[in-house]
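All remarks here apply to the structure that follows.
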Amino acid sequence: MVAAAEARGRKWQKNHAKKAELAENLATDGVLSTDVSGRLRELNELRKDVAYGEPGPELSAFDAESLAAELEEFIDEVEQAIEGAGSE
């Protein structure tokens, strides 16, 4: 997602909340067709729970295999967005 933003000349900030906003904006603007902002927020919450020693039921219900499949598709989409930016 950050790579797609950079390829399109969009600024981004090294902050989880700002990256989620960026993901939403890239989807809204049609740069990417998949809005991963919700997934980024979910993963950040899980990360914080683990980091603070408070993993809850959300972590045990988390489906890593599903995430891996989603990521493969999303990476392909980002690669296409980057290639498309180069041809503009």
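Naming works like this for the structure tokens: A, B, ... for the chains as they're shown, residue 1 at the start of each chain, ligands 1 onward in shown order.
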
Residues near Lys19 (chain A), cut-off 10 Å, only C-alpha atoms, skip fewer than 5 positions along chain, as a ChimeraX atom specification: /A:1-2,12-14,24-25,36-37,40-41

Selection near region 59-73 of chain A, 10 Å with only C-alpha atoms, sequence-local residues under 2 positions removed, as a PyMOL selection string: chain A and resi 34+36+39+42-43+45-47+49-50+54-57+75-78

Produce a file of the selected residues containing C-alpha atoms, as a PDB file, in the first residue's frame.
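Just written: result_13.pdb:
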```pdb
ATOM      1  CA  THR A  34      -9.338  -3.205  -2.078  1.00  0.00           C
ATOM      2  CA  VAL A  36      -7.434  -2.699   3.671  1.00  0.00           C
ATOM      3  CA  ARG A  39      -7.666  -5.001   8.306  1.00  0.00           C
ATOM      4  CA  GLU A  42      -7.524  -4.985  13.275  1.00  0.00           C
ATOM      5  CA  LEU A  43      -3.904  -6.120  12.981  1.00  0.00           C
ATOM      6  CA  GLU A  45      -5.071  -3.826  17.764  1.00  0.00           C
ATOM      7  CA  LEU A  46      -3.915  -7.445  17.862  1.00  0.00           C
ATOM      8  CA  ARG A  47      -0.287  -6.290  17.820  1.00  0.00           C
ATOM      9  CA  ASP A  49      -2.724  -6.632  22.726  1.00  0.00           C
ATOM     10  CA  VAL A  50       0.236  -8.978  22.365  1.00  0.00           C
ATOM     11  CA  GLU A  54      -3.103  -8.784  27.032  1.00  0.00           C
ATOM     12  CA  PRO A  55      -3.976 -11.053  24.102  1.00  0.00           C
ATOM     13  CA  GLY A  56      -7.720 -11.542  24.120  1.00  0.00           C
ATOM     14  CA  PRO A  57     -10.194 -13.834  22.409  1.00  0.00           C
ATOM     15  CA  ILE A  75       0.234  -7.631  -3.233  1.00  0.00           C
ATOM     16  CA  ASP A  76      -0.746  -8.469  -6.812  1.00  0.00           C
ATOM     17  CA  GLU A  77      -3.102  -5.487  -6.810  1.00  0.00           C
ATOM     18  CA  VAL A  78      -0.409  -3.151  -5.477  1.00  0.00           C
TER      19      VAL A  78
END
```

Residues of chain A classed as alpha helix (DSSP H) by DSSP on the backbone are to be reported as a short mmCIF file (atom, residue, chain, number, x, y, z; two decimals) with N, CA and C atoms, in the first residue's frame.
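Dumped everything to out.cif:
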```cif
data_model
loop_
_atom_site.label_atom_id
_atom_site.label_comp_id
_atom_site.auth_asym_id
_atom_site.auth_seq_id
_atom_site.Cartn_x
_atom_site.Cartn_y
_atom_site.Cartn_z
N VAL A 2 1.89 1.26 0.85
CA VAL A 2 2.81 2.40 0.87
C VAL A 2 3.52 2.52 -0.47
N ALA A 3 3.89 1.39 -1.06
CA ALA A 3 4.55 1.41 -2.36
C ALA A 3 3.63 2.00 -3.43
N ALA A 4 2.37 1.66 -3.38
CA ALA A 4 1.40 2.21 -4.34
C ALA A 4 1.26 3.71 -4.12
N ALA A 5 1.23 4.14 -2.87
CA ALA A 5 1.13 5.58 -2.57
C ALA A 5 2.36 6.32 -3.10
N GLU A 6 3.53 5.76 -2.86
CA GLU A 6 4.74 6.42 -3.36
C GLU A 6 4.77 6.47 -4.88
N ALA A 7 4.34 5.38 -5.52
CA ALA A 7 4.33 5.36 -6.98
C ALA A 7 3.39 6.42 -7.55
N HIS A 16 0.46 3.94 12.36
CA HIS A 16 -0.58 2.96 12.01
C HIS A 16 -1.90 3.61 11.62
N ALA A 17 -2.34 4.58 12.39
CA ALA A 17 -3.62 5.23 12.08
C ALA A 17 -3.56 5.97 10.75
N LYS A 18 -2.45 6.63 10.48
CA LYS A 18 -2.31 7.37 9.21
C LYS A 18 -2.23 6.42 8.02
N LYS A 19 -1.59 5.25 8.22
CA LYS A 19 -1.53 4.27 7.14
C LYS A 19 -2.92 3.71 6.85
N ALA A 20 -3.73 3.52 7.88
CA ALA A 20 -5.11 3.06 7.67
C ALA A 20 -5.89 4.12 6.89
N GLU A 21 -5.71 5.38 7.22
CA GLU A 21 -6.36 6.47 6.48
C GLU A 21 -5.90 6.46 5.02
N LEU A 22 -4.61 6.28 4.82
CA LEU A 22 -4.05 6.23 3.47
C LEU A 22 -4.68 5.09 2.67
N ALA A 23 -4.80 3.92 3.30
CA ALA A 23 -5.40 2.77 2.63
C ALA A 23 -6.83 3.09 2.20
N GLU A 24 -7.57 3.71 3.09
CA GLU A 24 -8.95 4.08 2.77
C GLU A 24 -9.00 5.08 1.62
N ASN A 25 -8.13 6.08 1.65
CA ASN A 25 -8.08 7.08 0.59
C ASN A 25 -7.69 6.47 -0.76
N LEU A 26 -6.72 5.55 -0.76
CA LEU A 26 -6.31 4.92 -2.01
C LEU A 26 -7.46 4.12 -2.62
N ALA A 27 -8.25 3.50 -1.79
CA ALA A 27 -9.41 2.75 -2.28
C ALA A 27 -10.50 3.70 -2.76
N THR A 28 -10.77 4.73 -1.98
CA THR A 28 -11.81 5.71 -2.35
C THR A 28 -11.47 6.39 -3.67
N SER A 37 -8.01 -0.78 5.06
CA SER A 37 -7.91 0.04 6.27
C SER A 37 -8.45 -0.70 7.49
N GLY A 38 -9.56 -1.38 7.35
CA GLY A 38 -10.12 -2.13 8.47
C GLY A 38 -9.19 -3.24 8.93
N ARG A 39 -8.59 -3.92 7.98
CA ARG A 39 -7.67 -5.00 8.31
C ARG A 39 -6.43 -4.44 9.01
N LEU A 40 -5.94 -3.29 8.55
CA LEU A 40 -4.78 -2.66 9.21
C LEU A 40 -5.10 -2.30 10.66
N ARG A 41 -6.29 -1.77 10.87
CA ARG A 41 -6.69 -1.42 12.24
C ARG A 41 -6.80 -2.67 13.11
N GLU A 42 -7.39 -3.73 12.55
CA GLU A 42 -7.52 -4.99 13.28
C GLU A 42 -6.15 -5.54 13.66
N LEU A 43 -5.24 -5.58 12.71
CA LEU A 43 -3.90 -6.12 12.98
C LEU A 43 -3.15 -5.26 13.99
N ASN A 44 -3.34 -3.97 13.94
CA ASN A 44 -2.68 -3.10 14.91
C ASN A 44 -3.20 -3.35 16.32
N GLU A 45 -4.50 -3.53 16.44
CA GLU A 45 -5.07 -3.83 17.76
C GLU A 45 -4.55 -5.16 18.30
N LEU A 46 -4.47 -6.16 17.43
CA LEU A 46 -3.92 -7.44 17.86
C LEU A 46 -2.46 -7.30 18.27
N ARG A 47 -1.70 -6.53 17.51
CA ARG A 47 -0.29 -6.29 17.82
C ARG A 47 -0.15 -5.63 19.19
N LYS A 48 -0.97 -4.63 19.45
CA LYS A 48 -0.90 -3.95 20.75
C LYS A 48 -1.29 -4.88 21.89
N ASP A 49 -2.31 -5.69 21.68
CA ASP A 49 -2.72 -6.63 22.73
C ASP A 49 -1.57 -7.56 23.11
N VAL A 50 -0.88 -8.07 22.11
CA VAL A 50 0.24 -8.98 22.36
C VAL A 50 1.39 -8.22 23.01
N ALA A 51 1.70 -7.03 22.48
CA ALA A 51 2.82 -6.25 23.01
C ALA A 51 2.61 -5.87 24.47
N PRO A 57 -9.56 -12.80 23.23
CA PRO A 57 -10.19 -13.83 22.41
C PRO A 57 -10.08 -13.54 20.91
N GLU A 58 -9.87 -12.28 20.56
CA GLU A 58 -9.74 -11.92 19.15
C GLU A 58 -8.54 -12.62 18.53
N LEU A 59 -7.45 -12.73 19.31
CA LEU A 59 -6.24 -13.36 18.80
C LEU A 59 -6.47 -14.85 18.54
N SER A 60 -7.15 -15.53 19.43
CA SER A 60 -7.38 -16.96 19.21
C SER A 60 -8.34 -17.20 18.05
N ALA A 61 -9.17 -16.23 17.74
CA ALA A 61 -10.11 -16.37 16.62
C ALA A 61 -9.51 -15.90 15.30
N ALA A 64 -4.99 -16.77 10.38
CA ALA A 64 -3.76 -16.38 9.69
C ALA A 64 -3.74 -16.88 8.25
N GLU A 65 -4.31 -18.03 7.99
CA GLU A 65 -4.34 -18.55 6.62
C GLU A 65 -5.17 -17.66 5.71
N SER A 66 -6.27 -17.18 6.21
CA SER A 66 -7.12 -16.27 5.44
C SER A 66 -6.36 -14.97 5.16
N LEU A 67 -5.66 -14.48 6.17
CA LEU A 67 -4.87 -13.25 5.99
C LEU A 67 -3.81 -13.46 4.92
N ALA A 68 -3.12 -14.59 4.94
CA ALA A 68 -2.08 -14.87 3.94
C ALA A 68 -2.66 -14.85 2.53
N ALA A 69 -3.82 -15.44 2.35
CA ALA A 69 -4.47 -15.45 1.03
C ALA A 69 -4.84 -14.04 0.61
N GLU A 70 -5.40 -13.26 1.54
CA GLU A 70 -5.76 -11.86 1.24
C GLU A 70 -4.53 -11.06 0.86
N LEU A 71 -3.44 -11.27 1.58
CA LEU A 71 -2.21 -10.53 1.31
C LEU A 71 -1.65 -10.85 -0.07
N GLU A 72 -1.71 -12.10 -0.47
CA GLU A 72 -1.24 -12.47 -1.81
C GLU A 72 -2.01 -11.71 -2.88
N GLU A 73 -3.32 -11.67 -2.75
CA GLU A 73 -4.15 -10.94 -3.71
C GLU A 73 -3.86 -9.45 -3.66
N PHE A 74 -3.70 -8.91 -2.46
CA PHE A 74 -3.46 -7.48 -2.33
C PHE A 74 -2.10 -7.09 -2.89
N ILE A 75 -1.10 -7.92 -2.68
CA ILE A 75 0.23 -7.63 -3.23
C ILE A 75 0.17 -7.59 -4.76
N ASP A 76 -0.56 -8.50 -5.36
CA ASP A 76 -0.75 -8.47 -6.81
C ASP A 76 -1.41 -7.16 -7.24
N GLU A 77 -2.40 -6.73 -6.49
CA GLU A 77 -3.10 -5.49 -6.81
C GLU A 77 -2.17 -4.28 -6.70
N VAL A 78 -1.36 -4.26 -5.66
CA VAL A 78 -0.41 -3.15 -5.48
C VAL A 78 0.61 -3.14 -6.62
N GLU A 79 1.09 -4.31 -7.00
CA GLU A 79 2.04 -4.38 -8.12
C GLU A 79 1.43 -3.81 -9.39
N GLN A 80 0.16 -4.13 -9.65
CA GLN A 80 -0.52 -3.59 -10.83
C GLN A 80 -0.65 -2.08 -10.72
N ALA A 81 -0.95 -1.56 -9.53
CA ALA A 81 -1.08 -0.12 -9.34
C ALA A 81 0.25 0.58 -9.59
N ILE A 82 1.34 -0.05 -9.15
CA ILE A 82 2.66 0.53 -9.35
C ILE A 82 3.00 0.54 -10.85
N GLU A 83 2.74 -0.58 -11.50
CA GLU A 83 2.99 -0.66 -12.95
C GLU A 83 2.15 0.37 -13.71
N GLY A 84 0.89 0.54 -13.27
CA GLY A 84 0.01 1.51 -13.91
C GLY A 84 0.49 2.94 -13.72
N ALA A 85 1.10 3.21 -12.58
CA ALA A 85 1.62 4.56 -12.32
C ALA A 85 2.77 4.87 -13.24
N GLY A 86 3.54 3.86 -13.58
CA GLY A 86 4.69 4.07 -14.46
C GLY A 86 4.30 4.34 -15.89
#
```
